[in-house]
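Have a look at the structure below before the remarks.
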Amino acid sequence: MRIAFYNHTSAISGAEISLMLTAKHLTKAHPILFAPEGELLQKARSEGLECVALPSYRARMTKNPFLLIVYVMGMLWAGWRLARLMKKSRVDLIHANSIRAGIMAGLFRWYHQLPVVWHIRDMPPQGIIGKLIKRFAGYTAQALIGISESVIDGIKHPAVEGRCYLVHNGVEMQSFDSENKQQIREKIRLELSTPPDAQVLTIIGQIAPWKRQEDAIEAMANLVREERNIVLWIVGEAKFRLENERYLDSLQEKVASLGLEDHVVFTGYREDVLEICCAADLLLLCSDQEPFGRVIIEAMSQGTPVVGTRGGGVPEIIEHGVSGLMYEIGDAAGLTQCIHQILSDETVRSSLSRNGEIRARDQFSITQTARKVEDIYQLLLKGKGAGTGLIERQQAKEFI
């Protein structure tokens with residue numbers, strides 16, 4: 001099977017990392033990554049993946065009718081060029097790595113005649129726009145892969161009934177022995193000017209309002225008032241939108257206003273996520289309706305305890321009180337209480353660490369994810385998946 005992985009952007013975020021990991025671990029299919037030239041293709045080439053550069057085009061939502069027409073015409077032209085390229089490339093199936101990529105791949109499906117899979121990694125839009133997208137998916141997509149039950153629920157519509165598959169993201173199960181972990185801990189703490197004996201919390205992900213890094217800062221303020229020797233690492237960068245850059249500015253201002261400059265470190269984007277997890281004592285995820293939360297699995301895989309919000313796909317990863325703790329979205333006091341419970345009780349911390357590591361290894365390895373994705377390819381290419389109702393909503397659990 002020759003599979004065209006199509007990504008509409010060259011920037012790297014969690015979706016692109018998951019795409020590359022899945023592509024690398026396919027055993028029955030040959031992946032070819034189609035994307036605009038830039039960061040993503042550079043990284044993919046370094047990983048040994050076959051790549052094809054595409055012209056980039058990015059439409060934006062606007063109320064200006066003239067600009068809207070220009071953007072729509074631009075999308076149609078970009079979609080036509082993509083369709084022609086797909087037909088020439090002799091691939092068997094197009095795997096679109098987002099809703100936007102799925103729309104682009106489906107615009108001229110009547111021309112390229114290839115099965116199209118939408119991999120939905122964000123919460124689908126609702127309202128009129130959401131209904132239009134779901135209807136379009138019903139006409140053009142042979143399968144829709146959701147990364148969590150929450151995402152699947154968001155895309156549910158009669159137009160796509162029987163085509164929704166639940167496949168959780170997976171991570172590489174790379175483990176470090178205790179000696180390596182100690183070396184990593186010392187190295188990164190020195191690099192980030194963090195005392196070796198400090199208790200370290202980390203929150204990892206794109207800097208964006210919906211990620212709610214401000215809740216972690218508020219919890220830090222509560223903990224610092226207790227004169228704890230504690231540090232927060234905020235790992236990630238603001239990208240994609242101007243509002244994200246403004247949000248980063250507001251976070252830095254918040255840290256200054258609370259007098260936390262010696263307790264909060266903005267690290268920027270880092271690729272060594274597993275090492276960061278090893279060097280920290282606790283990982284936080286504060287998002288408002290996180291579609292999945294792959295960083296939780298990455299932390300669990302290293303035995304780092306986790307605290308996440310009770311929403312989106314997080315409850316599908318964390319078993320509260322067993323493999324991690326959860327709190328209500330936006331409840332900084334509840335977050336503080338969870339942090340207290342873990343950092344102040346060695347028995348709780350050890351239990352969450354051990355159970356989290358087992359759960360990550362047993363349920364969320366990238367090899368399992370890649371196998372389930374390949375199973376979907378085979379169903380579609382055998383003519384058993386498109387519109388037949390082969391896998392109904394409740395039956396999708398076999399792909400978990």
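Letters A, B, ... go to the chains of the structure tokens in the order shown; residues in each chain start at 1; ligands are counted from 1 in the same order.
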_List as a list in words the protein and nucleic acid residues near A:Tyr139, meaning an atom at most 12 Å away when only C-alpha atoms are counted, but skip any in the same chain fewer than 6 places from it._
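Close residues of A:Tyr139: Gly102, Ile103, Gly106, Leu107, Phe108, Arg109, Trp110, Pro115, Val116, Leu132, Ile133, Pro158, Ala159, Val160, Glu161, Arg163, Ala386 and Gly387 of chain A.
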Resulting file, chosen residues, N, CA and C atoms, as a short mmCIF file (atom, residue, chain, number, x, y, z; two decimals), in the first residue's frame:
data_model
loop_
_atom_site.label_atom_id
_atom_site.label_comp_id
_atom_site.auth_asym_id
_atom_site.auth_seq_id
_atom_site.Cartn_x
_atom_site.Cartn_y
_atom_site.Cartn_z
N GLY A 102 -8.40 17.34 5.15
CA GLY A 102 -9.43 16.48 4.60
C GLY A 102 -10.31 17.19 3.58
N ILE A 103 -10.64 18.44 3.88
CA ILE A 103 -11.43 19.23 2.94
C ILE A 103 -10.67 19.43 1.64
N GLY A 106 -10.55 16.29 -0.37
CA GLY A 106 -11.84 15.84 -0.88
C GLY A 106 -12.46 16.74 -1.93
N LEU A 107 -11.92 17.92 -2.14
CA LEU A 107 -12.53 18.87 -3.08
C LEU A 107 -12.68 18.30 -4.48
N PHE A 108 -11.66 17.58 -4.93
CA PHE A 108 -11.68 17.04 -6.29
C PHE A 108 -11.50 15.52 -6.27
N ARG A 109 -12.17 14.89 -5.31
CA ARG A 109 -12.06 13.43 -5.26
C ARG A 109 -12.64 12.79 -6.52
N TRP A 110 -13.61 13.45 -7.14
CA TRP A 110 -14.18 12.91 -8.38
C TRP A 110 -13.12 12.77 -9.47
N PRO A 115 -9.52 6.74 -2.19
CA PRO A 115 -10.13 6.80 -0.86
C PRO A 115 -9.44 7.89 -0.02
N VAL A 116 -10.23 8.63 0.73
CA VAL A 116 -9.70 9.70 1.59
C VAL A 116 -10.05 9.41 3.04
N LEU A 132 -21.88 21.81 7.93
CA LEU A 132 -21.42 21.79 6.54
C LEU A 132 -20.21 20.89 6.37
N ILE A 133 -19.28 20.96 7.34
CA ILE A 133 -18.08 20.13 7.28
C ILE A 133 -18.46 18.64 7.35
N PRO A 158 -25.41 11.89 10.83
CA PRO A 158 -25.90 10.83 9.93
C PRO A 158 -25.10 10.69 8.64
N ALA A 159 -24.51 11.80 8.17
CA ALA A 159 -23.76 11.75 6.91
C ALA A 159 -22.51 10.88 7.00
N VAL A 160 -21.96 10.70 8.22
CA VAL A 160 -20.73 9.92 8.37
C VAL A 160 -20.95 8.66 9.20
N GLU A 161 -22.19 8.28 9.37
CA GLU A 161 -22.48 7.09 10.18
C GLU A 161 -21.82 5.86 9.58
N ARG A 163 -18.62 5.29 9.51
CA ARG A 163 -17.28 5.54 8.98
C ARG A 163 -16.32 6.07 10.04
N ALA A 386 -16.16 1.78 2.87
CA ALA A 386 -16.79 3.02 2.43
C ALA A 386 -18.30 2.91 2.43
N GLY A 387 -18.90 3.55 3.42
CA GLY A 387 -20.34 3.68 3.46
C GLY A 387 -21.09 2.38 3.68
#
*For A:Gln289, list every protein, DNA or RNA residue within 10 Å, evaluated using only C-alpha atoms, and leave out those in the same chain fewer than 2 positions away; present the list as a PyMOL selection string.*
chain A and resi 122-123+150-151+210-211+286-287+291-293+309-314+329
Those same residues - N, CA and C atoms - I'd like them written as an mmCIF file, in the first residue's frame.
data_model
loop_
_atom_site.group_PDB
_atom_site.id
_atom_site.type_symbol
_atom_site.label_atom_id
_atom_site.label_comp_id
_atom_site.auth_asym_id
_atom_site.auth_seq_id
_atom_site.Cartn_x
_atom_site.Cartn_y
_atom_site.Cartn_z
ATOM 1 N N ASP A 122 -8.455 17.538 16.403
ATOM 2 C CA ASP A 122 -8.960 18.651 17.202
ATOM 3 C C ASP A 122 -10.452 18.483 17.402
ATOM 4 N N MET A 123 -11.001 19.216 18.364
ATOM 5 C CA MET A 123 -12.440 19.194 18.557
ATOM 6 C C MET A 123 -13.115 19.793 17.320
ATOM 7 N N SER A 150 -14.251 11.783 22.724
ATOM 8 C CA SER A 150 -14.765 13.147 22.705
ATOM 9 C C SER A 150 -14.741 13.719 21.294
ATOM 10 N N VAL A 151 -13.665 13.479 20.569
ATOM 11 C CA VAL A 151 -13.559 13.944 19.185
ATOM 12 C C VAL A 151 -14.590 13.233 18.307
ATOM 13 N N TRP A 210 -6.558 28.262 25.022
ATOM 14 C CA TRP A 210 -7.309 27.072 25.416
ATOM 15 C C TRP A 210 -6.458 26.059 26.175
ATOM 16 N N LYS A 211 -5.137 26.237 26.139
ATOM 17 C CA LYS A 211 -4.248 25.377 26.922
ATOM 18 C C LYS A 211 -4.203 25.789 28.398
ATOM 19 N N CYS A 286 -3.603 21.532 31.695
ATOM 20 C CA CYS A 286 -4.671 22.415 32.178
ATOM 21 C C CYS A 286 -5.679 22.784 31.102
ATOM 22 N N SER A 287 -5.656 22.116 29.968
ATOM 23 C CA SER A 287 -6.413 22.518 28.781
ATOM 24 C C SER A 287 -7.926 22.507 28.992
ATOM 25 N N PRO A 291 -8.287 17.607 23.064
ATOM 26 C CA PRO A 291 -8.787 16.507 22.231
ATOM 27 C C PRO A 291 -8.276 15.139 22.669
ATOM 28 N N PHE A 292 -7.014 15.087 23.108
ATOM 29 C CA PHE A 292 -6.472 13.817 23.581
ATOM 30 C C PHE A 292 -5.499 14.041 24.730
ATOM 31 N N GLY A 293 -4.286 14.510 24.435
ATOM 32 C CA GLY A 293 -3.305 14.743 25.493
ATOM 33 C C GLY A 293 -2.132 13.794 25.440
ATOM 34 N N THR A 309 -6.962 17.936 33.323
ATOM 35 C CA THR A 309 -8.336 18.411 33.437
ATOM 36 C C THR A 309 -9.323 17.299 33.098
ATOM 37 N N ARG A 310 -10.464 17.353 33.752
ATOM 38 C CA ARG A 310 -11.503 16.344 33.535
ATOM 39 C C ARG A 310 -12.381 16.794 32.358
ATOM 40 N N GLY A 311 -11.887 16.590 31.149
ATOM 41 C CA GLY A 311 -12.622 16.996 29.962
ATOM 42 C C GLY A 311 -11.933 16.508 28.711
ATOM 43 N N GLY A 312 -12.640 16.560 27.571
ATOM 44 C CA GLY A 312 -12.065 16.124 26.317
ATOM 45 C C GLY A 312 -11.658 14.656 26.380
ATOM 46 N N GLY A 313 -10.478 14.367 25.847
ATOM 47 C CA GLY A 313 -10.003 12.992 25.813
ATOM 48 C C GLY A 313 -9.191 12.570 27.026
ATOM 49 N N VAL A 314 -8.948 13.496 27.954
ATOM 50 C CA VAL A 314 -8.083 13.186 29.099
ATOM 51 C C VAL A 314 -8.600 12.013 29.939
ATOM 52 N N ILE A 329 -11.937 21.785 34.868
ATOM 53 C CA ILE A 329 -11.324 22.813 34.029
ATOM 54 C C ILE A 329 -11.473 24.197 34.663
#
*asked:* Report, in Å to a single decimal, how far apart atom CA of A:Asn244 and atom CA of A:Glu316 are.
replied: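 Interatomic distance here is 27.3 Å.
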*Atom pair atom CA of A:Ala53 / atom CA of A:Phe5: separation (Å)*: 11.8 Å
*Which of these residues is nearest to A:Arg359, using only C-alpha atoms: A:Ile129, A:Ile342, A:Ile318, A:Ala208?*
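Ranked by minimum distance to A:Arg359, first place goes to A:Ile318.
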_12 Å contact set for A:Arg100, only C-alpha atoms, chain neighbours under 4 positions out, as a count of residues only_ = 25
